$ cat upload-v9.cif   # mmCIF, C-alpha atoms
data_coords
loop_
_atom_site.label_atom_id
_atom_site.label_comp_id
_atom_site.auth_asym_id
_atom_site.auth_seq_id
_atom_site.Cartn_x
_atom_site.Cartn_y
_atom_site.Cartn_z
CA MET A 2 201.96 85.71 259.16
CA ILE A 3 203.13 87.78 256.22
CA ARG A 4 206.57 87.81 254.64
CA ILE A 5 207.84 90.61 252.44
CA LYS A 6 210.03 89.49 249.59
CA ASN A 7 212.28 91.57 247.42
CA LEU A 8 211.54 91.38 243.73
CA ASP A 9 214.09 91.15 240.93
CA ILE A 10 211.79 93.12 238.71
CA LYS A 11 209.81 96.27 239.18
CA PRO A 12 206.09 95.75 238.41
CA THR A 13 204.46 98.39 236.26
CA GLU A 14 201.68 100.62 237.64
CA HIS A 15 199.12 98.56 235.71
CA GLU A 16 200.43 95.29 237.21
CA LYS A 17 200.42 96.73 240.74
CA GLU A 18 196.83 97.86 240.32
CA LYS A 19 195.62 94.51 238.98
CA ALA A 20 197.45 92.52 241.67
CA SER A 21 196.00 94.77 244.36
CA ASN A 22 192.53 94.41 242.87
CA SER A 23 192.66 90.61 243.27
CA TYR A 24 192.56 91.14 247.07
CA LEU A 25 189.95 93.87 246.84
CA MET A 26 187.69 91.49 244.86
CA SER A 27 187.65 89.03 247.74
CA LEU A 28 186.87 91.85 250.19
CA VAL A 29 183.94 93.02 248.07
CA GLY A 30 182.80 89.39 247.86
CA ILE A 31 182.90 89.02 251.64
CA ILE A 32 180.81 92.17 252.12
CA ILE A 33 178.23 91.20 249.47
CA GLY A 34 178.19 87.51 250.22
CA LEU A 35 177.70 87.34 253.97
CA PRO A 36 176.29 85.16 255.43
CA ILE A 37 176.55 82.77 252.45
CA PRO A 38 180.25 81.95 252.41
CA ILE A 39 180.73 81.35 248.69
CA VAL A 40 180.32 84.74 246.97
CA ASN A 41 183.84 85.83 247.96
CA LEU A 42 185.27 82.68 246.36
CA ILE A 43 183.21 83.20 243.19
CA CYS A 44 184.38 86.86 242.92
CA THR A 45 188.02 85.86 243.36
CA LEU A 46 187.60 82.96 240.94
CA ILE A 47 186.12 85.25 238.25
CA PHE A 48 189.02 87.68 238.72
CA PHE A 49 191.51 84.78 238.65
CA PHE A 50 190.19 83.44 235.34
CA GLY A 51 190.03 86.95 233.93
CA ASN A 52 193.76 87.29 234.56
CA ARG A 53 194.96 83.88 233.45
CA ASN A 54 197.10 85.40 230.73
CA ALA A 55 198.36 88.29 232.84
CA THR A 56 201.99 88.75 233.90
CA TYR A 57 203.50 86.54 236.59
CA PHE A 58 203.23 89.23 239.30
CA VAL A 59 199.48 89.69 238.70
CA LYS A 60 198.83 85.96 238.36
CA TRP A 61 200.81 85.23 241.55
CA HIS A 62 198.64 87.53 243.66
CA CYS A 63 195.41 86.35 242.01
CA THR A 64 196.39 82.79 242.94
CA GLN A 65 197.29 83.70 246.53
CA ALA A 66 193.95 85.53 246.93
CA LEU A 67 192.10 82.55 245.44
CA ILE A 68 193.77 79.99 247.74
CA SER A 69 193.02 82.14 250.78
CA GLN A 70 189.34 82.35 249.82
CA PHE A 71 189.15 78.62 249.11
CA ILE A 72 190.43 77.70 252.59
CA LEU A 73 188.11 80.30 254.12
CA LEU A 74 185.23 78.73 252.18
CA ILE A 75 185.87 75.31 253.75
CA VAL A 76 185.96 76.51 257.38
CA ASN A 77 183.08 78.97 256.90
CA ASN A 78 180.95 76.32 255.22
CA ILE A 79 181.32 74.01 258.22
CA ALA A 80 179.95 76.83 260.40
CA PHE A 81 177.18 77.64 257.90
CA TRP A 82 175.82 74.07 257.68
CA TRP A 83 176.31 73.52 261.41
CA THR A 84 174.12 76.60 262.00
CA ILE A 85 171.50 75.36 259.52
CA SER A 86 171.37 71.98 261.26
CA ILE A 87 170.84 73.76 264.60
CA ILE A 88 168.00 75.85 263.19
CA ILE A 89 166.30 72.71 261.90
CA ASP A 90 167.00 70.65 264.99
CA PHE A 91 165.94 73.27 267.59
CA ASN A 92 167.94 72.23 270.65
CA ASN A 93 171.49 71.50 269.67
CA PHE A 94 173.40 74.61 270.65
CA SER A 95 176.60 73.42 272.27
CA ASN A 96 179.74 74.93 273.76
CA ALA A 97 181.70 73.38 270.86
CA TYR A 98 179.52 75.28 268.37
CA PHE A 99 180.01 78.66 270.07
CA ALA A 100 183.74 77.97 270.41
CA TYR A 101 183.97 77.14 266.68
CA ILE A 102 182.15 80.36 265.76
CA LEU A 103 184.53 82.38 267.97
CA VAL A 104 187.64 80.76 266.45
CA LEU A 105 186.16 81.32 263.01
CA PHE A 106 185.54 84.96 263.82
CA ILE A 107 189.21 85.40 264.84
CA PHE A 108 190.29 83.49 261.71
CA ASN A 109 188.11 85.64 259.44
CA ILE A 110 189.12 88.93 261.06
CA THR A 111 192.82 88.00 260.75
CA GLU A 112 192.36 87.12 257.11
CA PHE A 113 190.35 90.29 256.51
CA ILE A 114 193.14 92.48 257.94
CA MET A 115 195.76 90.51 256.01
CA THR A 116 193.77 91.01 252.80
CA ILE A 117 193.54 94.77 253.30
CA TYR A 118 197.25 94.95 254.16
CA SER A 119 198.12 92.88 251.08
CA ALA A 120 195.98 95.06 248.82
CA ILE A 121 197.78 98.20 250.08
CA GLU A 122 201.28 96.74 249.89
CA THR A 123 200.75 95.11 246.50
CA ARG A 124 199.52 98.44 245.15
CA LYS A 125 202.96 99.83 246.15
CA GLY A 126 204.59 96.99 244.24
CA ILE A 127 205.74 95.14 247.38
CA GLN A 128 205.66 91.36 247.18
CA VAL A 129 203.75 90.01 250.22
CA GLU A 130 203.66 86.26 250.86
CA TRP A 131 201.19 84.88 253.39
CA TRP A 132 201.74 82.08 255.88
CA ILE A 133 200.88 78.78 254.05
CA TYR A 134 199.21 80.51 251.08
CA GLY A 135 202.44 82.08 249.83
CA GLY A 136 204.19 78.72 249.85
CA LEU A 137 201.23 77.03 248.17
CA THR A 138 201.11 79.74 245.49
CA ASN A 139 204.82 79.29 244.77
CA LEU A 140 204.30 75.53 244.59
CA ILE A 141 201.39 75.79 242.14
CA LEU A 142 202.96 78.37 239.85
CA ASN A 143 206.47 76.86 239.96
CA SER A 144 205.12 73.41 239.14
CA LYS A 145 203.71 74.87 235.96
CA ASN A 146 207.22 76.12 235.09
CA GLU A 147 206.04 79.66 235.17
CA LYS A 148 208.72 80.89 237.47
CA ASN A 149 210.63 83.53 235.67
CA ASN A 150 211.10 86.91 237.07
CA ILE A 151 209.93 87.02 240.67
CA MET B 151 206.98 71.50 250.43
CA LYS B 152 208.24 70.72 253.97
CA LYS B 153 207.74 74.36 254.89
CA ILE B 154 204.12 74.32 253.70
CA ILE B 155 203.39 71.12 255.67
CA PHE B 156 205.01 72.66 258.75
CA GLU B 157 203.02 75.89 258.44
CA PHE B 158 199.83 73.98 257.74
CA SER B 159 200.33 71.70 260.78
CA ILE B 160 200.98 74.70 263.05
CA THR B 161 197.80 76.39 261.80
CA ILE B 162 195.68 73.26 262.25
CA CYS B 163 197.07 72.76 265.78
CA LEU B 164 196.39 76.41 266.61
CA PHE B 165 192.84 76.18 265.23
CA ILE B 166 192.02 72.97 267.11
CA GLY B 167 193.77 74.22 270.25
CA LEU B 168 191.78 77.46 270.27
CA TRP B 169 188.56 75.56 269.49
CA PHE B 170 189.16 73.10 272.30
CA GLY B 171 190.13 75.91 274.69
CA PHE B 172 187.05 77.99 273.95
CA SER B 173 184.86 74.85 274.21
CA GLN B 174 185.74 74.69 277.90
CA ILE B 175 183.73 77.89 278.48
CA ASP B 176 180.05 77.26 279.23
CA TRP B 177 178.65 79.37 276.36
CA VAL B 178 175.24 77.66 276.51
CA ASN B 179 174.82 78.92 280.05
CA ILE B 180 176.30 82.35 279.31
CA PHE B 181 173.90 82.94 276.41
CA ARG B 182 171.01 81.35 278.38
CA ILE B 183 170.15 79.08 275.44
CA ASP B 184 168.15 76.61 277.54
CA GLU B 185 166.14 79.45 279.01
CA LEU B 186 165.29 80.83 275.59
CA ASN B 187 164.17 77.43 274.39
CA ALA B 188 162.19 76.81 277.54
CA LYS B 189 160.33 80.09 277.05
CA THR B 190 159.56 79.28 273.41
CA GLU B 191 158.42 75.80 274.37
CA GLU B 192 156.23 77.16 277.16
CA GLN B 193 154.48 79.57 274.77
CA LEU B 194 154.07 76.86 272.16
CA GLY B 195 152.70 74.45 274.77
CA ASP B 196 150.13 76.97 276.01
CA LEU B 197 149.04 77.94 272.50
CA SER B 198 148.73 74.27 271.46
CA TRP B 199 146.74 73.33 274.54
CA ASP B 200 144.43 76.37 274.18
CA TYR B 201 143.81 75.45 270.55
CA PHE B 202 143.18 71.78 271.32
CA SER B 203 141.02 72.27 274.41
CA ILE B 204 138.49 74.53 272.62
CA SER B 205 137.09 71.60 270.65
CA GLU B 206 137.50 68.95 273.38
CA ASN B 207 135.67 68.13 276.57
CA GLU B 208 138.27 68.13 279.33
CA ILE B 209 137.35 66.28 282.52
CA GLN B 210 137.45 68.60 285.54
CA GLU B 211 136.32 66.14 288.25
CA ASN B 212 138.88 66.41 291.02
CA GLU B 213 138.67 62.81 292.13
CA ILE B 214 139.37 61.45 288.65
CA LEU B 215 142.27 63.84 288.11
CA LYS B 216 143.70 63.14 291.55
CA THR B 217 143.71 59.36 290.99
CA VAL B 218 145.45 59.53 287.61
CA ASP B 219 147.75 62.27 288.86
CA SER B 220 148.91 60.04 291.71
CA LEU B 221 150.12 57.52 289.11
CA VAL B 222 151.84 60.22 287.03
CA ASN B 223 153.49 61.77 290.08
CA HIS B 224 154.70 58.44 291.42
CA ILE B 225 156.42 57.58 288.11
CA ALA B 226 157.83 61.10 287.75
CA ILE B 227 159.25 61.29 291.29
CA ALA B 228 160.80 57.80 291.02
CA ASN B 229 162.59 58.89 287.85
CA GLY B 230 163.68 62.39 288.87
CA ILE B 231 161.20 64.14 286.57
CA GLU B 232 159.93 67.46 287.91
CA THR B 233 156.24 66.93 288.69
CA ASP B 234 155.45 70.64 288.16
CA LYS B 235 156.60 70.26 284.58
CA ILE B 236 153.92 67.68 283.74
CA LYS B 237 150.46 69.08 283.06
CA LEU B 238 147.94 66.26 282.99
CA HIS B 239 144.73 66.57 280.98
CA ILE B 240 142.05 63.89 280.66
CA ILE B 241 139.68 64.21 277.71
CA ASN B 242 136.19 62.78 277.82
CA THR B 243 135.96 60.94 274.49
CA ASP B 244 135.31 57.43 273.21
CA GLU B 245 138.49 57.40 271.11
CA VAL B 246 141.47 55.53 272.54
CA ASN B 247 144.53 57.77 272.46
CA ALA B 248 147.30 59.37 274.50
CA PHE B 249 149.83 61.96 273.40
CA ALA B 250 152.01 64.81 274.62
CA LEU B 251 152.06 68.46 273.55
CA PRO B 252 155.04 70.82 274.01
CA ASP B 253 156.00 72.00 277.51
CA GLY B 254 154.91 68.84 279.31
CA HIS B 255 151.19 68.75 278.45
CA LEU B 256 150.24 65.08 278.83
CA VAL B 257 146.86 64.25 277.28
CA LEU B 258 145.02 61.01 278.08
CA ASN B 259 141.65 60.06 276.59
CA SER B 260 139.08 58.64 279.01
CA GLN B 261 138.46 55.65 276.71
CA LEU B 262 142.12 54.66 277.00
CA ILE B 263 141.77 54.44 280.79
CA LEU B 264 138.59 52.38 280.34
CA GLU B 265 140.35 50.00 277.93
CA ALA B 266 143.23 49.44 280.38
CA LYS B 267 142.65 46.21 282.30
CA ASN B 268 144.69 47.37 285.27
CA GLN B 269 146.63 50.37 286.56
CA GLU B 270 149.93 48.90 285.35
CA GLU B 271 148.74 49.08 281.72
CA LEU B 272 147.79 52.72 282.19
CA ALA B 273 151.09 53.40 283.98
CA GLY B 274 152.87 51.89 280.95
CA VAL B 275 151.16 54.29 278.55
CA ILE B 276 151.83 57.25 280.88
CA SER B 277 155.52 56.25 281.12
CA HIS B 278 155.70 55.99 277.33
CA GLU B 279 154.37 59.55 276.93
CA LEU B 280 156.62 60.83 279.74
CA ALA B 281 159.56 59.30 277.88
CA HIS B 282 158.60 61.23 274.72
CA ILE B 283 158.55 64.43 276.80
CA GLU B 284 161.83 63.72 278.58
CA LEU B 285 163.66 62.56 275.44
CA ASP B 286 162.63 65.79 273.70
CA HIS B 287 160.84 63.92 270.90
CA ILE B 288 158.04 66.51 270.85
CA ASN B 289 160.26 69.45 269.85
CA GLU B 290 162.21 67.26 267.48
CA LYS B 291 159.08 66.12 265.68
CA ILE B 292 157.37 69.47 265.29
CA THR B 293 160.54 71.27 264.20
CA GLN B 294 161.19 68.54 261.64
CA GLU B 295 157.63 68.58 260.29
CA ILE B 296 156.82 72.28 260.62
CA GLY B 297 160.20 74.04 260.85
CA LEU B 298 161.61 76.23 263.60
CA ALA B 299 161.24 79.51 261.68
CA VAL B 300 157.52 78.85 261.03
CA LEU B 301 157.02 77.86 264.67
CA ILE B 302 158.68 80.99 266.04
CA SER B 303 156.68 83.23 263.68
CA ALA B 304 153.49 81.38 264.71
CA ILE B 305 154.27 81.89 268.41
CA SER B 306 154.97 85.60 268.00
CA GLY B 307 152.12 86.20 265.58
CA GLY B 308 149.59 83.78 267.09
CA ASN B 309 149.10 81.98 263.77
CA ASN B 310 146.26 79.55 264.48
CA GLN B 311 146.77 77.51 261.34
CA VAL B 312 150.33 76.62 262.32
CA ILE B 313 149.29 75.89 265.92
CA GLY B 314 146.53 73.68 264.48
CA ASN B 315 149.18 71.83 262.46
CA VAL B 316 151.29 71.35 265.61
CA VAL B 317 148.32 69.87 267.48
CA HIS B 318 147.33 67.66 264.53
CA THR B 319 150.91 66.43 264.07
CA LEU B 320 151.25 65.48 267.74
CA SER B 321 147.77 64.07 268.33
CA SER B 322 147.19 62.17 265.08
CA THR B 323 150.53 61.08 263.66
CA ALA B 324 153.22 58.74 264.94
CA PHE B 325 156.80 59.50 265.91
CA ASP B 326 159.39 57.78 263.78
CA ARG B 327 160.09 54.15 264.55
CA LYS B 328 163.32 54.83 266.44
CA ASN B 329 161.72 57.42 268.73
CA GLU B 330 158.77 55.09 269.45
CA GLU B 331 161.17 52.30 270.32
CA ASP B 332 163.27 54.62 272.51
CA ALA B 333 160.12 55.80 274.32
CA ASP B 334 158.98 52.18 274.86
CA LEU B 335 162.31 51.08 276.27
CA THR B 336 162.61 54.19 278.44
CA ALA B 337 159.06 53.53 279.69
CA VAL B 338 160.20 50.10 280.89
CA ILE B 339 163.05 51.73 282.83
CA TYR B 340 160.65 54.29 284.32
CA LEU B 341 158.21 51.55 285.38
CA GLU B 342 160.91 49.40 286.94
CA LYS B 343 162.36 52.37 288.85
CA ALA B 344 158.86 53.17 290.08
CA ASN B 345 158.41 49.51 291.12
CA ILE B 346 155.47 49.09 288.73
CA ASN B 347 155.27 45.79 286.86
CA PRO B 348 156.04 46.52 283.16
CA ILE B 349 154.69 43.18 281.84
CA PRO B 350 151.08 44.49 281.60
CA PHE B 351 152.38 47.34 279.39
CA ALA B 352 153.77 44.75 276.93
CA ASP B 353 150.46 42.86 277.19
CA PHE B 354 148.51 46.05 276.51
CA LEU B 355 150.49 46.74 273.30
CA ASN B 356 150.06 43.15 272.21
CA ARG B 357 146.31 43.06 272.96
CA ILE B 358 145.60 46.38 271.26
CA ALA B 359 147.40 45.23 268.10
CA ASP B 360 144.57 42.71 267.55
CA GLU B 361 141.84 45.35 267.75
CA ASP B 362 139.88 46.53 264.72
CA PRO B 363 141.70 49.54 263.17
CA ASN B 364 138.35 51.06 262.20
CA SER B 365 137.03 51.14 265.74
CA GLU B 366 137.64 53.54 268.64
CA PHE B 367 141.30 52.45 268.32
CA GLU B 368 141.71 54.23 264.99
CA THR B 369 143.61 57.25 266.39
CA TRP B 370 145.68 54.99 268.65
CA PHE B 371 146.84 53.04 265.60
CA SER B 372 147.72 56.26 263.78
CA THR B 373 149.80 57.55 266.72
CA HIS B 374 151.22 54.23 267.91
CA PRO B 375 151.78 51.83 264.96
CA ASP B 376 153.50 48.41 265.01
CA SER B 377 152.16 47.57 268.48
CA LYS B 378 152.83 43.84 268.07
CA GLU B 379 156.53 44.25 267.34
CA ARG B 380 156.90 46.89 270.01
CA SER B 381 155.26 44.60 272.54
CA LYS B 382 157.95 42.00 271.81
CA SER B 383 160.83 44.46 272.25
CA VAL B 384 159.28 45.81 275.46
CA PHE B 385 159.02 42.26 276.78
CA LYS B 386 162.69 41.61 275.92
CA LYS B 387 163.78 44.73 277.80
CA ILE B 388 161.98 43.79 281.03
CA ASN B 389 164.19 42.71 283.93
CA LYS B 390 162.65 39.28 284.63
CA SER B 391 164.43 38.86 287.97
CA LYS B 392 162.77 41.91 289.51
CA THR B 393 159.72 41.00 291.57
CA ASP B 394 159.31 43.73 294.21
CA TYR B 395 156.47 45.47 292.40
CA ILE B 396 153.87 47.54 294.17
CA GLN B 397 150.41 48.93 293.40
CA ILE B 398 150.19 52.71 293.44
CA ILE B 399 146.41 52.93 293.53
CA ASN B 400 144.43 50.43 295.57
CA ASN B 401 142.01 48.22 293.65
CA SER B 402 138.86 49.91 294.91
CA THR B 403 140.13 53.36 293.80
CA TRP B 404 141.02 51.94 290.38
CA GLU B 405 137.56 50.41 289.98
CA LYS B 406 135.95 53.63 291.17
CA LEU B 407 137.95 55.61 288.61
CA LYS B 408 136.70 53.39 285.81
CA GLU B 409 133.15 53.60 287.07
CA GLN B 410 133.29 57.39 287.25
CA LEU B 411 134.68 57.60 283.72
CA SER B 412 132.10 55.22 282.27
CA ASN B 413 129.30 57.24 283.88
CA LEU B 414 130.34 60.45 282.15
CA ASP B 415 128.26 61.63 279.18
CA LYS B 416 130.31 61.45 276.01
#

$ encode --input "upload-v9.cif" --output "structure tokens"
Amino acid sequence: MIRIKNLDIKPTEHEKEKASNSYLMSLVGIIIGLPIPIVNLICTLIFFFGNRNATYFVKWHCTQALISQFILLIVNNIAFWWTISIIIDFNNFSNAYFAYILVLFIFNITEFIMTIYSAIETRKGIQVEWWIYGGLTNLILNSKNEKNNI
Amino acid sequence: MKKIIFEFSITICLFIGLWFGFSQIDWVNIFRIDELNAKTEEQLGDLSWDYFSISENEIQENEILKTVDSLVNHIAIANGIETDKIKLHIINTDEVNAFALPDGHLVLNSQLILEAKNQEELAGVISHELAHIELDHINEKITQEIGLAVLISAISGGNNQVIGNVVHTLSSTAFDRKNEEDADLTAVIYLEKANINPIPFADFLNRIADEDPNSEFETWFSTHPDSKERSKSVFKKINKSKTDYIQIINNSTWEKLKEQLSNLDK
């Protein structure tokens, strides 16, 4: 799920702290925002835009955190609106609904643990790349020709 | 890029696989969802009926109730509907109307029975209301118009205003066109399964459409609009080759029922 990559450069203390904070922002967002699954994305988005001109290491982790929250937003929103439709419609609880909520719970818990782990490791200056998100982050940042010293 | 697509595909497959796997477990039964809803519906049905019956004159004569009940029971048994679930009430009033309240309360006005030319017409209206109950149109309508949260708070807090709204919604306003049509077509199936001729039901809808909307039919028109068109679609649905129809009540009992109802003081 998570790959650790060796860096050519050594991030400064300030960079490590900022990169680690990008994950912490999404965690704070999750805690504040439940059950409305958009606050975590907004928090991460604000942090992302606040660090647009930061160094590549900081920007890389802000982008990975943002992508992770964006995908979480999509799957959580399906559950949110499905639940709303059930509340309005009274009698539509189904096995598929409960199964979706359970899968979503596993998905969210996994991502929550991965976020905490990433925040800790990034604070130590270790480059952690997530399954899918790491590749997507590399793709986005490399396409902008910003690859330099990672 | 290939790596991302591969990882993404694996994740999607895992997500769908887990979802499908967990869907095989009967969560609805485990969490007793139907039971919870049934309890809520039962409370709502009792509160609605209590509210409605205060201002209405319910007929208590055993003979009248028994005759109409025999029609209701025959249709219900023929269609696998639990007879205990249906609570029949006949209201002594000169307004023509029939409607259902939550938890199987079936309300028929005495004037409707008097306007019916034969038992098949009455059986048609009963089947139509049974269809609304069985197709869950009652819950659907009140939750759409009033909202589940308001309903639950009204049940727990005994809010009479909300219960009044529930009763008004169900007794004075129509279901949407699709639900009315579904109930009509299901009524035809119920009648045919019960070996009751459904043609008089179509005739009844057609005949009533020509009545004066400002007469005793006023509430009927507000709860059952577009009778003419519905009569046509009911007629289309009828299985014309079926002929083995029976009478549930004998003619003398039917006439006696009407006589008893017309002799009641309104």

$ closest_atom_pairs --input "upload-v9.cif" --of "chain A" --to "chain B" --cutoff "8 Å" --atoms "all atoms listed in the file" --output "CSV"
residue,atom,partner,partner_atom,distance
A:Ile88,CA,B:Leu298,CA,6.4
A:Ile89,CA,B:Leu298,CA,6.1
A:Asp90,CA,B:Glu290,CA,6.4
A:Phe91,CA,B:Leu298,CA,6.6
A:Asn92,CA,B:Asn187,CA,7.4
A:Phe94,CA,B:Val178,CA,6.9
A:Ser95,CA,B:Val178,CA,6.1
A:Asn96,CA,B:Ser173,CA,5.1
A:Ala97,CA,B:Ser173,CA,4.8
A:Tyr98,CA,B:Ser173,CA,7.9
A:Phe99,CA,B:Trp177,CA,6.5
A:Ala100,CA,B:Phe172,CA,4.8
A:Tyr101,CA,B:Trp169,CA,5.6
A:Leu103,CA,B:Phe172,CA,7.8
A:Val104,CA,B:Trp169,CA,6.1
A:Trp132,CA,B:Glu157,CA,6.8
A:Ile133,CA,B:Ile154,CA,5.5
A:Gly136,CA,B:Ile154,CA,5.8
A:Leu137,CA,B:Ile154,CA,6.8
A:Leu140,CA,B:Met151,CA,7.6

$ residues_around --input "upload-v9.cif" --residues "Asn389 in chain B" --least-positions-apart "3" --cutoff "12 Å" --atoms "all atoms listed in the file" --output "MDAnalysis selection string"
chainID B and resid 335 338:339 341:343 345:349 384:386 392:395

$ resolve_selection --input "upload-v9.cif" --expression "the PyMOL selection byres ((chain A and resi 76) around 10)" --output "PyMOL selection string"
chain A and resi 38+71-75+77-81+101-102+105+108-109

$ atom_distance --input "upload-v9.cif" --atom1 "CA of Thr233 in chain B" --atom2 "CA of Gln410 in chain B"
24.9 Å

$ axis_aligned_box --input "upload-v9.cif" --around "range 391-410 of chain B" --padding-each-side "6 Å" --output "AutoDock Vina command-line options"
--center_x 148.8 --center_y 48.1 --center_z 290.7 --size_x 43.3 --size_y 30.5 --size_z 21.8

$ resolve_selection --input "upload-v9.cif" --expression "the PyMOL selection byres ((chain B and resi 408) around 12)" --output "count of residues only"
28
